[in-house]
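Notes follow once the structure below has been shown.
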Amino acid sequence: MATVNIKVNGKQHSLEIDPSTPLLWVLRDHLNLVGAKYGCGIAMCGSCTVHVGDIAIRSCVMPVSQLGTQEVTTIEGLSEKGDHPVQKAWIEHDVPQCGYCQAGQIMNAAALLKSNPNPSDEDIESAMHGNICRCGTYTRIKAAIKTASK
Ligand code: FES
Ligand code: FES
């Protein structure tokens, strides 16, 4: 156990935890931020995607000790009222089906648009291809990212 200081969605937290704990479990079990989901646990599905700084990362494989002073943003902190352009486009295109993968999809899409505000189809496919959706919502995800980029 050690004291880990972590800033999430603008709030500072001080936790007594094993520093090797994956960020996903710190978010879900210690901070009650359950938007990021556990899918595979081995960085292969993207359902646990959050931002560290402006970068989308797989929180299931990132020990919390690796964060240093970098701030974490989860789906709960992406926007104040669920009105980030990606979230609005998701509603417009009625993207989710079961919803399990969707927080990860949205966080990955938001990071893509931050680094590349006008992505081509190929850019979207390449950035999103590691985010698995077993409901097969890929066509709507792509359309929503296109809308959000406008
Ligand atoms: S749960 Fe992290 S990538 Fe699948
Ligand atoms: S909406 Fe069901 S897994 Fe993606």
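Identifiers for the structure tokens are assigned positionally: chains receive A, B, ... in sequence, residues are indexed from 1 per chain, and ligands are indexed from 1 in the order shown.
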Taking only C-alpha atoms and all ligand atoms into account, which residues have an atom no farther than 6 Å from ligand 2? I'd like them as a list in words.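 Within the 6 Å cut-off, the matching residues are Pro96, Gln97, Cys98, Gly99, Tyr100, Cys101, Gln102, Cys133, Arg134 and Cys135 of chain A.
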Considering only C-alpha atoms and all ligand atoms, give me a table of residues in chain A that are at most 12 Å from ligand 1, with the closest atom pair and distance in Å for each, as CSV.
residue,atom,partner,partner_atom_place_in_ligand_line,distance
A:Pro22,CA,ligand 1,2 (Fe),9.8
A:Leu23,CA,ligand 1,2 (Fe),10.1
A:Leu24,CA,ligand 1,2 (Fe),7.9
A:Trp25,CA,ligand 1,1 (S),10.6
A:Ala36,CA,ligand 1,1 (S),8.6
A:Lys37,CA,ligand 1,1 (S),6.4
A:Tyr38,CA,ligand 1,1 (S),4.2
A:Gly39,CA,ligand 1,1 (S),3.8
A:Cys40,CA,ligand 1,4 (Fe),3.8
A:Gly41,CA,ligand 1,1 (S),4.1
A:Ile42,CA,ligand 1,3 (S),5.7
A:Ala43,CA,ligand 1,3 (S),3.4
A:Met44,CA,ligand 1,3 (S),4.4
A:Cys45,CA,ligand 1,4 (Fe),3.9
A:Gly46,CA,ligand 1,3 (S),3.9
A:Ser47,CA,ligand 1,1 (S),5.3
A:Cys48,CA,ligand 1,2 (Fe),4.4
A:Thr49,CA,ligand 1,2 (Fe),6.7
A:Val50,CA,ligand 1,2 (Fe),9.7
A:Ala56,CA,ligand 1,3 (S),11.2
A:Ile57,CA,ligand 1,3 (S),8.7
A:Arg58,CA,ligand 1,2 (Fe),5.0
A:Ser59,CA,ligand 1,2 (Fe),5.9
A:Cys60,CA,ligand 1,2 (Fe),4.3
A:Val61,CA,ligand 1,2 (Fe),6.6
A:Met62,CA,ligand 1,2 (Fe),9.2
A:Tyr100,CA,ligand 1,1 (S),10.9
A:Cys101,CA,ligand 1,4 (Fe),9.3
A:Ala103,CA,ligand 1,1 (S),11.7
A:Gly104,CA,ligand 1,3 (S),8.9
A:Gln105,CA,ligand 1,3 (S),11.1
A:Asn108,CA,ligand 1,3 (S),11.5
A:Gly130,CA,ligand 1,3 (S),8.4
A:Asn131,CA,ligand 1,3 (S),7.9
A:Ile132,CA,ligand 1,4 (Fe),8.5
A:Cys133,CA,ligand 1,4 (Fe),11.0
Pick from A:Ala89, A:Ala148, A:Val72, A:Ile17: nearest to A:Leu112, with only C-alpha atoms counted?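 Looking at the shortest contact to A:Leu112, the residue is A:Ala148.
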Would you please extract all helix (DSSP H, G or I) residues from chain A, as assigned by DSSP on the backbone, and give them as a PDB file with C-alpha atoms, in the first residue's frame?
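Once written, states.pdb looks like this:
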ATOM      1  CA  LEU A  23      -6.276   2.686 -13.319  1.00  0.00           C
ATOM      2  CA  LEU A  24      -9.613   1.113 -14.363  1.00  0.00           C
ATOM      3  CA  TRP A  25     -10.117  -0.422 -10.908  1.00  0.00           C
ATOM      4  CA  VAL A  26      -9.075   2.769  -9.149  1.00  0.00           C
ATOM      5  CA  LEU A  27     -11.715   4.637 -11.132  1.00  0.00           C
ATOM      6  CA  ARG A  28     -14.444   2.059 -10.690  1.00  0.00           C
ATOM      7  CA  ASP A  29     -13.826   0.675  -7.189  1.00  0.00           C
ATOM      8  CA  HIS A  30     -12.294   3.638  -5.367  1.00  0.00           C
ATOM      9  CA  SER A  59      -7.045   1.943 -18.295  1.00  0.00           C
ATOM     10  CA  CYS A  60      -7.205  -1.820 -17.680  1.00  0.00           C
ATOM     11  CA  VAL A  61      -3.458  -2.199 -18.236  1.00  0.00           C
ATOM     12  CA  VAL A  64      -2.059   3.935 -11.422  1.00  0.00           C
ATOM     13  CA  SER A  65       1.542   4.640 -10.390  1.00  0.00           C
ATOM     14  CA  GLN A  66       2.414   5.377 -14.031  1.00  0.00           C
ATOM     15  CA  LEU A  67       0.195   8.447 -14.151  1.00  0.00           C
ATOM     16  CA  ILE A  75     -16.676   9.746 -19.715  1.00  0.00           C
ATOM     17  CA  GLU A  76     -18.219  11.327 -16.597  1.00  0.00           C
ATOM     18  CA  GLY A  77     -15.908  14.339 -17.009  1.00  0.00           C
ATOM     19  CA  PRO A  85     -19.832  17.392 -29.790  1.00  0.00           C
ATOM     20  CA  VAL A  86     -19.142  13.651 -29.885  1.00  0.00           C
ATOM     21  CA  GLN A  87     -21.877  12.957 -27.310  1.00  0.00           C
ATOM     22  CA  LYS A  88     -24.334  15.122 -29.244  1.00  0.00           C
ATOM     23  CA  ALA A  89     -23.509  13.336 -32.493  1.00  0.00           C
ATOM     24  CA  TRP A  90     -23.914   9.972 -30.712  1.00  0.00           C
ATOM     25  CA  ILE A  91     -27.448  10.956 -29.741  1.00  0.00           C
ATOM     26  CA  GLU A  92     -28.220  12.308 -33.206  1.00  0.00           C
ATOM     27  CA  GLN A 102     -19.876   3.031 -25.827  1.00  0.00           C
ATOM     28  CA  ALA A 103     -18.030   5.039 -23.167  1.00  0.00           C
ATOM     29  CA  GLY A 104     -14.789   3.679 -24.581  1.00  0.00           C
ATOM     30  CA  GLN A 105     -15.896   4.418 -28.135  1.00  0.00           C
ATOM     31  CA  ILE A 106     -16.810   8.016 -27.253  1.00  0.00           C
ATOM     32  CA  MET A 107     -13.585   8.661 -25.349  1.00  0.00           C
ATOM     33  CA  ASN A 108     -11.507   7.280 -28.206  1.00  0.00           C
ATOM     34  CA  ALA A 109     -13.461   9.340 -30.755  1.00  0.00           C
ATOM     35  CA  ALA A 110     -13.079  12.512 -28.651  1.00  0.00           C
ATOM     36  CA  ALA A 111      -9.315  12.019 -28.452  1.00  0.00           C
ATOM     37  CA  LEU A 112      -9.173  11.422 -32.211  1.00  0.00           C
ATOM     38  CA  LEU A 113     -11.014  14.677 -32.954  1.00  0.00           C
ATOM     39  CA  LYS A 114      -8.839  16.609 -30.532  1.00  0.00           C
ATOM     40  CA  SER A 115      -5.700  15.559 -32.391  1.00  0.00           C
ATOM     41  CA  ASP A 121     -12.655   7.779 -43.384  1.00  0.00           C
ATOM     42  CA  GLU A 122      -9.305   6.026 -43.227  1.00  0.00           C
ATOM     43  CA  ASP A 123      -8.220   8.101 -40.207  1.00  0.00           C
ATOM     44  CA  ILE A 124     -11.440   7.164 -38.392  1.00  0.00           C
ATOM     45  CA  GLU A 125     -11.112   3.488 -39.233  1.00  0.00           C
ATOM     46  CA  SER A 126      -7.506   3.409 -38.164  1.00  0.00           C
ATOM     47  CA  ALA A 127      -8.117   5.287 -34.890  1.00  0.00           C
ATOM     48  CA  MET A 128     -11.244   3.314 -33.938  1.00  0.00           C
ATOM     49  CA  TYR A 138     -19.568   0.518 -36.314  1.00  0.00           C
ATOM     50  CA  THR A 139     -21.450   2.191 -39.163  1.00  0.00           C
ATOM     51  CA  ARG A 140     -23.245   4.561 -36.786  1.00  0.00           C
ATOM     52  CA  ILE A 141     -20.048   5.252 -34.857  1.00  0.00           C
ATOM     53  CA  LYS A 142     -18.334   6.321 -38.063  1.00  0.00           C
ATOM     54  CA  ALA A 143     -21.258   8.504 -39.115  1.00  0.00           C
ATOM     55  CA  ALA A 144     -21.384  10.153 -35.688  1.00  0.00           C
ATOM     56  CA  ILE A 145     -17.665  10.932 -35.752  1.00  0.00           C
ATOM     57  CA  LYS A 146     -18.148  12.522 -39.186  1.00  0.00           C
ATOM     58  CA  THR A 147     -20.988  14.655 -37.804  1.00  0.00           C
ATOM     59  CA  ALA A 148     -18.973  15.627 -34.712  1.00  0.00           C
TER      60      ALA A 148
END
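Of the listed residues A:Asn116, A:Thr137, A:Ser79, A:Thr74, the one whose atoms come nearest to A:Lys150 is A:Asn116, with distances taken using only C-alpha atoms.
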Using DSSP secondary structure from the backbone, list all strand (DSSP E or B) positions within chain A, as a ChimeraX atom specification. /A:2-8,11-17,22,49-52,55-58,63,72-73
Using only C-alpha atoms, determine which residues lie at most 8 Å from A:Ser149, disregarding the query and same-chain residues fewer than 6 positions distant; provide the list as a list in words. Leu113, Pro117, Asn118 and Pro119 of chain A
Report as a list of chain:residue names all protein, DNA and RNA residues lying within 10 Å of A:Ala2, evaluated on only C-alpha atoms, omitting residues in the same chain fewer than 5 positions from it.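 Result of the neighbour search: A:Ser14, A:Leu15, A:Glu16, A:Ile17, A:Asp18, A:Pro19, A:Ser20, A:Ser65.
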Once you have the residues from the selection above, write them out as a PDB file, in the first residue's frame, restricted to C-alpha atoms.
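The result, stored in selection-v1.pdb:
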ATOM      1  CA  SER A  14      -5.470  10.929  -2.286  1.00  0.00           C
ATOM      2  CA  LEU A  15      -5.838   7.150  -1.986  1.00  0.00           C
ATOM      3  CA  GLU A  16      -4.165   4.452   0.097  1.00  0.00           C
ATOM      4  CA  ILE A  17      -3.826   1.675  -2.467  1.00  0.00           C
ATOM      5  CA  ASP A  18      -1.407  -0.741  -4.106  1.00  0.00           C
ATOM      6  CA  PRO A  19       0.326   1.462  -6.720  1.00  0.00           C
ATOM      7  CA  SER A  20       0.279  -1.404  -9.224  1.00  0.00           C
ATOM      8  CA  SER A  65       1.542   4.640 -10.390  1.00  0.00           C
TER       9      SER A  65
END
